[in-house]
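Enquirer: Just dropping this structure here.
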Amino acid sequence: MLNCFLFLISNEQNTRNQKEKGMEKSANSTVKTVGFMMMITLIGKLLGLVREQLLAANYSIGAEAAAFMTASRIPRTFFDAVFASAISASFIPIFNEYIEKKGKQEAFRLSNIFITMIGVVTCIMTVLGIVFAEPITWLFADGMTTYTAKICVEFLRILFPTVIFTGVAFSFVGILQSLEEFTIPAAMSIVSNAVIILYYIFLNDKFGIEGLTIAFLIGWAMQAMIQIPALYKKGYRFHVDFHFKEEGMKKIVLLMLPVMISTWIQPINFVINTKFASHIYFENYTDAAITIIDYSNTLYSIIVGVFVLSIANVMFPKMARLTTNHAEEDLGETISVTLRSMLFLLIPMMLGLMVLSEPIVKLMYERGNFNSFATQTTARALFYFSFGMIGFGVQNILSRVFYAKQDGKTPFYSGLVSIVVNVAFCFLLVDTMDVGGLALASSISSVVSAIFLFIPLQKKYKNLISKSLLVDLLKMICSAVIMTVVAMICKNSMLLLSVEGIIKNLIVVVLPAVAGGICYMLICYILGVEESKQALQMAKGLLKKVVH
């Protein structure tokens, strides 16, 4: 699907701008590079899914699972709140600026200073996190039982050093992506997830969930280690450098502060949803809502993340370079084509995930201690998370546009609105919809945030929404609605099959998805949606390669 997306972007850009002779060759190269990256990312996400399946099968939605999930999320939340997107959004533009104006060696020197600063700050954060593990746990989930909170504190003290490894790993990612090396950063999760999966297979029965925290820590350390050979080949050598007054560092910090505040939004929303979830009680299931939200959000993130985040990570350095070179017209065209092609694929993905939410959860999680109740409640949350898919995609792309333009204030204000909306709808929906209400609140906040980011860009780049785009969007929606009906009929028919077990679960997911996808593409083609013609052209090209 990502290959299709890149093909749509490159094809539209080729047809609209034939002035540059090498554009077609460059576009095809981009499709191949990002397609390969997508495959690596997909493998990593699938391994992540296997990791979650093993957690569900061994610990289901019980107290230990709730404690582990909360403890593993807290360090990442603290890191996200301080550095995650801020590293890429502030470091990458300035690093690229240094490469363009001062050369690679000066850019490497800047990165050494930056990584040294990240290391110092994350070490301080880790010490404070270990010391204050108990109050931090209650901050995140004050509705936990005493037993769950106690083991969560123990796990948290083991896991907080992941902040250090994450800081180094993300910094390495920024360097490699700026040097147009995307495959190694995309492979990080393959290594970390493999470590955890191997633990489940060989050591879980002996060391239990306590040993799992150690495996998790080792997995995160490997995310940084795996990038070192690629950096070495690029000529990069790390040296501790405390020259924090470097001109580039001042620019990074000035840009990082508003960006850093804007990146608090996602972790803050996570804290809000977890706190609400810790007060939801299901009969015979202690702290189950926390694990249900986590399982469903992880599955949703894997499904949408392979597509959206892969595209966002590839497009961001390119948008940063366009901004540095003051190529505003090209930047506006890139935004428009990216959004149009993304909507063409996200609209059917959203409706398809809603239709198949329960069969997907059953296929992925229902085994071992993960029973039908856990499947139904997790599927309900996944269904409502799906509402936010388009908002999630648009928000991720547009926020990077502002970061590329070294504007962190607009995403910050967008994030504030997102938090207010999330809190308000959590209060409104949690009593009547429990975990489904929390997921829906999160989805609504994503959509509102995306709209907030879109409005100023539409004012600047008038061509983002055109009459032809609105007409085509209406055609896509109509096609997707018909696709949904076809997928529902197919799903209900498959449920009547006499076969049982994983074979039936797989059939109930795959056949409706394939039938619905074919239906969507055909109707879009009949209605004259340009992207469907380009997708068909790509499919024919791939078929010829397979035949020959």
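Just remember, in the structure tokens the first chain shown is A, the second B, etc., residues are 1-based per chain, and ligands are 1-based in the order shown.
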Fewer than 2 positions away in the same chain doesn't count, so skip those; otherwise give me all residues within 8 Å of A:Val168, counting only C-alpha atoms, as a ChimeraX atom specification.
Expert: /A:115,118-119,164-166,170-172,224
Enquirer: Mind checking which residues fall within 12 Å of A:Leu128, counting only C-alpha atoms, ignoring those fewer than 6 positions away in the same chain, and posting them as a PyMOL selection string?
Expert: chain A and resi 75+78+121-122+134-136+156-157+160-161+163
Enquirer: Output the selection as a short mmCIF file (atom, residue, chain, number, x, y, z; two decimals), in the first residue's frame - all heavy atoms for each residue.
Expert:
data_model
loop_
_atom_site.label_atom_id
_atom_site.label_comp_id
_atom_site.auth_asym_id
_atom_site.auth_seq_id
_atom_site.Cartn_x
_atom_site.Cartn_y
_atom_site.Cartn_z
N PRO A 75 8.17 5.70 30.92
CA PRO A 75 9.43 6.30 30.45
C PRO A 75 9.32 6.87 29.03
O PRO A 75 9.85 7.95 28.74
CB PRO A 75 10.42 5.13 30.50
CG PRO A 75 9.84 4.18 31.47
CD PRO A 75 8.37 4.30 31.31
N PHE A 78 7.48 10.16 29.22
CA PHE A 78 8.35 11.24 29.68
C PHE A 78 9.29 11.68 28.57
O PHE A 78 9.54 12.87 28.37
CB PHE A 78 9.15 10.80 30.91
CG PHE A 78 8.48 11.12 32.20
CD1 PHE A 78 7.57 10.24 32.76
CD2 PHE A 78 8.74 12.31 32.86
CE1 PHE A 78 6.93 10.54 33.95
CE2 PHE A 78 8.11 12.61 34.06
CZ PHE A 78 7.20 11.73 34.61
N VAL A 121 20.75 15.16 29.84
CA VAL A 121 19.38 15.41 30.30
C VAL A 121 18.64 14.10 30.57
O VAL A 121 17.94 13.97 31.58
CB VAL A 121 18.61 16.27 29.27
CG1 VAL A 121 17.15 16.43 29.71
CG2 VAL A 121 19.27 17.62 29.12
N THR A 122 18.79 13.11 29.69
CA THR A 122 18.08 11.84 29.90
C THR A 122 18.63 11.07 31.11
O THR A 122 17.87 10.36 31.78
CB THR A 122 18.14 10.96 28.64
OG1 THR A 122 19.50 10.81 28.23
CG2 THR A 122 17.33 11.57 27.51
N GLU A 134 7.21 5.85 42.64
CA GLU A 134 5.88 5.63 43.25
C GLU A 134 4.92 6.77 42.97
O GLU A 134 3.80 6.53 42.47
CB GLU A 134 6.02 5.41 44.75
CG GLU A 134 4.70 5.03 45.41
CD GLU A 134 4.88 4.57 46.85
OE1 GLU A 134 6.03 4.36 47.28
OE2 GLU A 134 3.87 4.43 47.55
N PRO A 135 5.28 8.04 43.26
CA PRO A 135 4.33 9.12 42.94
C PRO A 135 4.05 9.25 41.45
O PRO A 135 2.94 9.62 41.06
CB PRO A 135 5.02 10.38 43.49
CG PRO A 135 6.44 10.02 43.70
CD PRO A 135 6.46 8.57 43.98
N ILE A 136 5.05 8.92 40.61
CA ILE A 136 4.83 8.98 39.17
C ILE A 136 3.78 7.95 38.75
O ILE A 136 2.90 8.23 37.92
CB ILE A 136 6.15 8.75 38.41
CG1 ILE A 136 7.08 9.94 38.58
CG2 ILE A 136 5.88 8.52 36.92
CD1 ILE A 136 8.48 9.72 38.02
N LEU A 156 8.80 -0.08 36.92
CA LEU A 156 9.17 1.25 36.44
C LEU A 156 10.63 1.57 36.76
O LEU A 156 11.34 2.16 35.95
CB LEU A 156 8.25 2.30 37.05
CG LEU A 156 8.49 3.75 36.62
CD1 LEU A 156 8.40 3.90 35.11
CD2 LEU A 156 7.47 4.68 37.30
N ARG A 157 11.09 1.16 37.94
CA ARG A 157 12.48 1.43 38.33
C ARG A 157 13.46 0.68 37.43
O ARG A 157 14.57 1.15 37.18
CB ARG A 157 12.68 1.06 39.80
CG ARG A 157 11.98 2.02 40.77
CD ARG A 157 12.44 1.85 42.20
NE ARG A 157 11.95 2.95 43.01
CZ ARG A 157 11.10 2.82 44.03
NH1 ARG A 157 10.68 1.61 44.40
NH2 ARG A 157 10.71 3.88 44.72
N PHE A 160 13.06 2.62 33.58
CA PHE A 160 13.26 4.05 33.32
C PHE A 160 14.51 4.35 32.49
O PHE A 160 14.54 5.33 31.74
CB PHE A 160 13.28 4.86 34.61
CG PHE A 160 12.43 6.09 34.52
CD1 PHE A 160 11.17 6.13 35.08
CD2 PHE A 160 12.87 7.21 33.82
CE1 PHE A 160 10.36 7.25 34.98
CE2 PHE A 160 12.08 8.34 33.70
CZ PHE A 160 10.83 8.37 34.28
N PRO A 161 15.60 3.55 32.58
CA PRO A 161 16.76 3.83 31.71
C PRO A 161 16.47 3.74 30.22
O PRO A 161 17.31 4.15 29.41
CB PRO A 161 17.76 2.75 32.15
CG PRO A 161 17.42 2.45 33.56
CD PRO A 161 15.92 2.54 33.61
N VAL A 163 14.75 5.66 28.75
CA VAL A 163 14.77 7.06 28.33
C VAL A 163 16.12 7.41 27.70
O VAL A 163 16.20 8.10 26.68
CB VAL A 163 14.49 7.99 29.54
CG1 VAL A 163 14.72 9.45 29.17
CG2 VAL A 163 13.06 7.80 30.02
#
Enquirer: Using only C-alpha atoms for the distances, tell me which of A:Val271, A:Leu49, A:Val394, A:Ile523 is nearest to A:Leu139.
Expert: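 Closest residue, counting only C-alpha atoms: A:Val271.
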Enquirer: Write out as CSV a residue-level contact list of stretch 67-117 of chain A versus stretch 281-288 of chain A with cut-off 12 Å: for each qualifying residue the closest pair of atoms and the distance in Å to one decimal, counting only C-alpha atoms, rows sorted by chain and residue number upward.
Expert:
residue,atom,partner,partner_atom,distance
A:Ala67,CA,A:Asp287,CA,8.9
A:Phe68,CA,A:Asp287,CA,11.9
A:Met69,CA,A:Ala288,CA,11.3
A:Thr70,CA,A:Asp287,CA,10.9
Enquirer: Which value, in Å to one decimal, gives the distance between atom CA of A:Pro348 and atom CA of A:Val514?
Expert: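 If I compute the distance from atom CA of A:Pro348 to atom CA of A:Val514, I get 11.7 Å.
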Enquirer: I want to know what sits within 7 Å of stretch 240-252 of chain A, based on only C-alpha atoms, with residues of the same chain fewer than 5 positions away left out; could you give that as JSON, numbers by chain?
Expert: {"A": [90, 91, 94, 110, 112, 113, 114, 116]}
Enquirer: Please produce an output containing all heavy atoms for each residue in the selection, written as a PDB file, in the first residue's frame.
Expert:
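This is the output file out-v3.pdb:
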ATOM      1  N   SER A  90      13.358  19.727  15.527  1.00  0.00           N
ATOM      2  CA  SER A  90      14.280  20.852  15.684  1.00  0.00           C
ATOM      3  C   SER A  90      15.684  20.502  15.214  1.00  0.00           C
ATOM      4  O   SER A  90      16.370  21.319  14.605  1.00  0.00           O
ATOM      5  CB  SER A  90      14.320  21.293  17.153  1.00  0.00           C
ATOM      6  OG  SER A  90      14.713  20.224  17.992  1.00  0.00           O
ATOM      7  N   PHE A  91      16.112  19.265  15.471  1.00  0.00           N
ATOM      8  CA  PHE A  91      17.478  18.865  15.117  1.00  0.00           C
ATOM      9  C   PHE A  91      17.647  18.679  13.601  1.00  0.00           C
ATOM     10  O   PHE A  91      18.596  19.181  13.004  1.00  0.00           O
ATOM     11  CB  PHE A  91      17.849  17.583  15.863  1.00  0.00           C
ATOM     12  CG  PHE A  91      19.157  16.990  15.441  1.00  0.00           C
ATOM     13  CD1 PHE A  91      20.344  17.685  15.606  1.00  0.00           C
ATOM     14  CD2 PHE A  91      19.222  15.732  14.858  1.00  0.00           C
ATOM     15  CE1 PHE A  91      21.565  17.148  15.210  1.00  0.00           C
ATOM     16  CE2 PHE A  91      20.429  15.175  14.460  1.00  0.00           C
ATOM     17  CZ  PHE A  91      21.600  15.897  14.635  1.00  0.00           C
ATOM     18  N   ILE A  94      17.957  21.976  11.404  1.00  0.00           N
ATOM     19  CA  ILE A  94      19.223  22.681  11.618  1.00  0.00           C
ATOM     20  C   ILE A  94      20.387  21.834  11.108  1.00  0.00           C
ATOM     21  O   ILE A  94      21.347  22.354  10.522  1.00  0.00           O
ATOM     22  CB  ILE A  94      19.416  23.034  13.105  1.00  0.00           C
ATOM     23  CG1 ILE A  94      18.206  23.814  13.634  1.00  0.00           C
ATOM     24  CG2 ILE A  94      20.692  23.845  13.302  1.00  0.00           C
ATOM     25  CD1 ILE A  94      17.904  25.079  12.873  1.00  0.00           C
ATOM     26  N   LEU A 110      28.068  19.339  15.178  1.00  0.00           N
ATOM     27  CA  LEU A 110      26.832  19.806  15.820  1.00  0.00           C
ATOM     28  C   LEU A 110      26.079  18.641  16.440  1.00  0.00           C
ATOM     29  O   LEU A 110      25.569  18.737  17.568  1.00  0.00           O
ATOM     30  CB  LEU A 110      25.948  20.519  14.797  1.00  0.00           C
ATOM     31  CG  LEU A 110      24.571  20.965  15.301  1.00  0.00           C
ATOM     32  CD1 LEU A 110      24.710  22.063  16.342  1.00  0.00           C
ATOM     33  CD2 LEU A 110      23.698  21.440  14.132  1.00  0.00           C
ATOM     34  N   ASN A 112      27.278  15.853  17.575  1.00  0.00           N
ATOM     35  CA  ASN A 112      27.967  15.399  18.785  1.00  0.00           C
ATOM     36  C   ASN A 112      27.582  16.236  20.000  1.00  0.00           C
ATOM     37  O   ASN A 112      27.346  15.713  21.086  1.00  0.00           O
ATOM     38  CB  ASN A 112      29.484  15.461  18.578  1.00  0.00           C
ATOM     39  CG  ASN A 112      30.000  14.316  17.733  1.00  0.00           C
ATOM     40  OD1 ASN A 112      29.381  13.261  17.654  1.00  0.00           O
ATOM     41  ND2 ASN A 112      31.132  14.522  17.071  1.00  0.00           N
ATOM     42  N   ILE A 113      27.521  17.546  19.792  1.00  0.00           N
ATOM     43  CA  ILE A 113      27.112  18.437  20.891  1.00  0.00           C
ATOM     44  C   ILE A 113      25.673  18.131  21.296  1.00  0.00           C
ATOM     45  O   ILE A 113      25.345  18.039  22.481  1.00  0.00           O
ATOM     46  CB  ILE A 113      27.246  19.914  20.451  1.00  0.00           C
ATOM     47  CG1 ILE A 113      28.689  20.226  20.069  1.00  0.00           C
ATOM     48  CG2 ILE A 113      26.787  20.841  21.573  1.00  0.00           C
ATOM     49  CD1 ILE A 113      28.864  21.593  19.426  1.00  0.00           C
ATOM     50  N   PHE A 114      24.827  17.941  20.288  1.00  0.00           N
ATOM     51  CA  PHE A 114      23.406  17.684  20.559  1.00  0.00           C
ATOM     52  C   PHE A 114      23.212  16.376  21.318  1.00  0.00           C
ATOM     53  O   PHE A 114      22.479  16.325  22.312  1.00  0.00           O
ATOM     54  CB  PHE A 114      22.652  17.649  19.228  1.00  0.00           C
ATOM     55  CG  PHE A 114      21.183  17.402  19.368  1.00  0.00           C
ATOM     56  CD1 PHE A 114      20.329  18.404  19.796  1.00  0.00           C
ATOM     57  CD2 PHE A 114      20.639  16.153  19.076  1.00  0.00           C
ATOM     58  CE1 PHE A 114      18.970  18.174  19.939  1.00  0.00           C
ATOM     59  CE2 PHE A 114      19.286  15.921  19.205  1.00  0.00           C
ATOM     60  CZ  PHE A 114      18.453  16.929  19.634  1.00  0.00           C
ATOM     61  N   THR A 116      25.379  14.789  23.151  1.00  0.00           N
ATOM     62  CA  THR A 116      25.925  14.950  24.501  1.00  0.00           C
ATOM     63  C   THR A 116      24.895  15.594  25.415  1.00  0.00           C
ATOM     64  O   THR A 116      24.683  15.158  26.556  1.00  0.00           O
ATOM     65  CB  THR A 116      27.207  15.808  24.473  1.00  0.00           C
ATOM     66  OG1 THR A 116      28.178  15.191  23.625  1.00  0.00           O
ATOM     67  CG2 THR A 116      27.789  15.964  25.874  1.00  0.00           C
TER      68      THR A 116
END
Enquirer: Just checking: using only C-alpha atoms, which residue out of A:Thr213, A:Ser386, A:Gln376, A:Ser468 ends up closest to A:Ser442?
Expert: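 Going through A:Thr213, A:Ser386, A:Gln376, A:Ser468 one by one, the smallest distance to A:Ser442 is for A:Ser386.
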Enquirer: As an exercise, work out the distance from atom CA of A:Val173 to atom CA of A:Gly415 in Å and give it to one decimal place.
Expert: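 So the two atoms, atom CA of A:Val173 and atom CA of A:Gly415, lie 24.3 Å apart.
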Enquirer: Using only C-alpha atoms, which protein or nucleic acid residues come within 12 Å of A:Phe402? Drop anything in the same chain fewer than 2 positions from it, and give the result as a compact mmCIF listing (two decimals) with N, CA and C atoms, in the first residue's frame.
Expert:
# COMPACT_ATOMS: atom_id res chain seq x y z
N ALA A 89 12.06 17.30 14.95
CA ALA A 89 11.48 18.54 14.44
C ALA A 89 12.42 19.74 14.58
N SER A 90 13.36 19.73 15.53
CA SER A 90 14.28 20.85 15.68
C SER A 90 15.68 20.50 15.21
N PRO A 93 16.00 19.92 10.87
CA PRO A 93 16.11 21.13 10.02
C PRO A 93 17.45 21.84 10.17
N LEU A 255 14.24 26.56 18.76
CA LEU A 255 13.19 25.89 18.01
C LEU A 255 12.57 24.76 18.82
N PRO A 258 9.29 25.54 21.75
CA PRO A 258 7.87 25.46 21.37
C PRO A 258 7.49 24.09 20.82
N VAL A 259 8.42 23.46 20.06
CA VAL A 259 8.13 22.12 19.53
C VAL A 259 7.97 21.12 20.66
N SER A 262 4.71 21.43 22.21
CA SER A 262 3.66 20.88 21.34
C SER A 262 3.64 19.36 21.37
N PHE A 316 9.50 14.40 5.71
CA PHE A 316 9.94 15.52 6.55
C PHE A 316 11.29 16.09 6.15
N MET A 319 10.78 18.12 3.02
CA MET A 319 10.10 19.38 3.26
C MET A 319 11.04 20.38 3.92
N ALA A 320 11.92 19.88 4.81
CA ALA A 320 12.90 20.76 5.46
C ALA A 320 13.85 21.37 4.43
N THR A 323 12.05 24.02 2.39
CA THR A 323 11.93 25.24 3.18
C THR A 323 13.24 26.00 3.23
N LEU A 331 6.78 23.23 -2.14
CA LEU A 331 6.33 22.72 -0.84
C LEU A 331 4.81 22.62 -0.81
N ILE A 335 2.60 19.17 -0.32
CA ILE A 335 1.58 19.00 0.73
C ILE A 335 0.27 18.56 0.10
N GLN A 395 -2.86 15.05 10.66
CA GLN A 395 -2.14 15.73 11.74
C GLN A 395 -0.64 15.46 11.66
N ASN A 396 -0.26 14.22 11.42
CA ASN A 396 1.15 13.86 11.38
C ASN A 396 1.87 14.53 10.21
N ILE A 397 1.23 14.60 9.06
CA ILE A 397 1.85 15.24 7.91
C ILE A 397 1.94 16.75 8.11
N LEU A 398 0.83 17.37 8.52
CA LEU A 398 0.81 18.83 8.63
C LEU A 398 1.69 19.36 9.75
N SER A 399 1.79 18.62 10.84
CA SER A 399 2.66 19.07 11.93
C SER A 399 4.10 19.13 11.46
N ARG A 400 4.49 18.18 10.61
CA ARG A 400 5.86 18.18 10.08
C ARG A 400 6.09 19.31 9.08
N ALA A 404 9.12 21.74 9.64
CA ALA A 404 10.07 22.01 8.55
C ALA A 404 10.25 23.51 8.35
N LYS A 405 9.19 24.27 8.61
CA LYS A 405 9.25 25.73 8.49
C LYS A 405 9.76 26.38 9.78
N GLN A 406 10.22 25.52 10.73
CA GLN A 406 10.75 25.97 12.03
C GLN A 406 9.70 26.77 12.80
N ASP A 407 8.46 26.30 12.72
CA ASP A 407 7.34 26.89 13.45
C ASP A 407 6.77 25.84 14.39
N GLY A 408 7.08 25.98 15.68
CA GLY A 408 6.54 25.04 16.66
C GLY A 408 5.32 25.57 17.38
N LYS A 409 5.02 26.85 17.20
CA LYS A 409 3.91 27.46 17.94
C LYS A 409 2.56 26.96 17.46
N THR A 410 2.39 26.85 16.14
CA THR A 410 1.09 26.41 15.62
C THR A 410 0.75 24.99 16.07
N PRO A 411 1.67 24.00 15.95
CA PRO A 411 1.37 22.68 16.50
C PRO A 411 1.11 22.71 18.01
N PHE A 412 1.77 23.63 18.72
CA PHE A 412 1.56 23.76 20.15
C PHE A 412 0.11 24.15 20.45
N SER A 414 -2.41 23.87 18.47
CA SER A 414 -3.25 22.76 18.03
C SER A 414 -3.33 21.68 19.10
N LEU A 453 -4.60 22.55 12.32
CA LEU A 453 -3.35 22.69 11.56
C LEU A 453 -3.62 23.01 10.09
N PHE A 454 -4.72 22.49 9.57
CA PHE A 454 -5.00 22.65 8.14
C PHE A 454 -5.39 24.09 7.78
N PRO A 456 -4.55 27.28 8.74
CA PRO A 456 -3.54 28.27 8.33
C PRO A 456 -2.78 27.89 7.06
N LEU A 457 -2.59 26.58 6.82
CA LEU A 457 -1.91 26.16 5.60
C LEU A 457 -2.77 26.39 4.38
Enquirer: In Å, with one decimal, what is the gap from atom CA of A:Val253 to atom CA of A:Met188?
Expert: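 Going from atom CA of A:Val253 over to atom CA of A:Met188 covers 26.5 Å.
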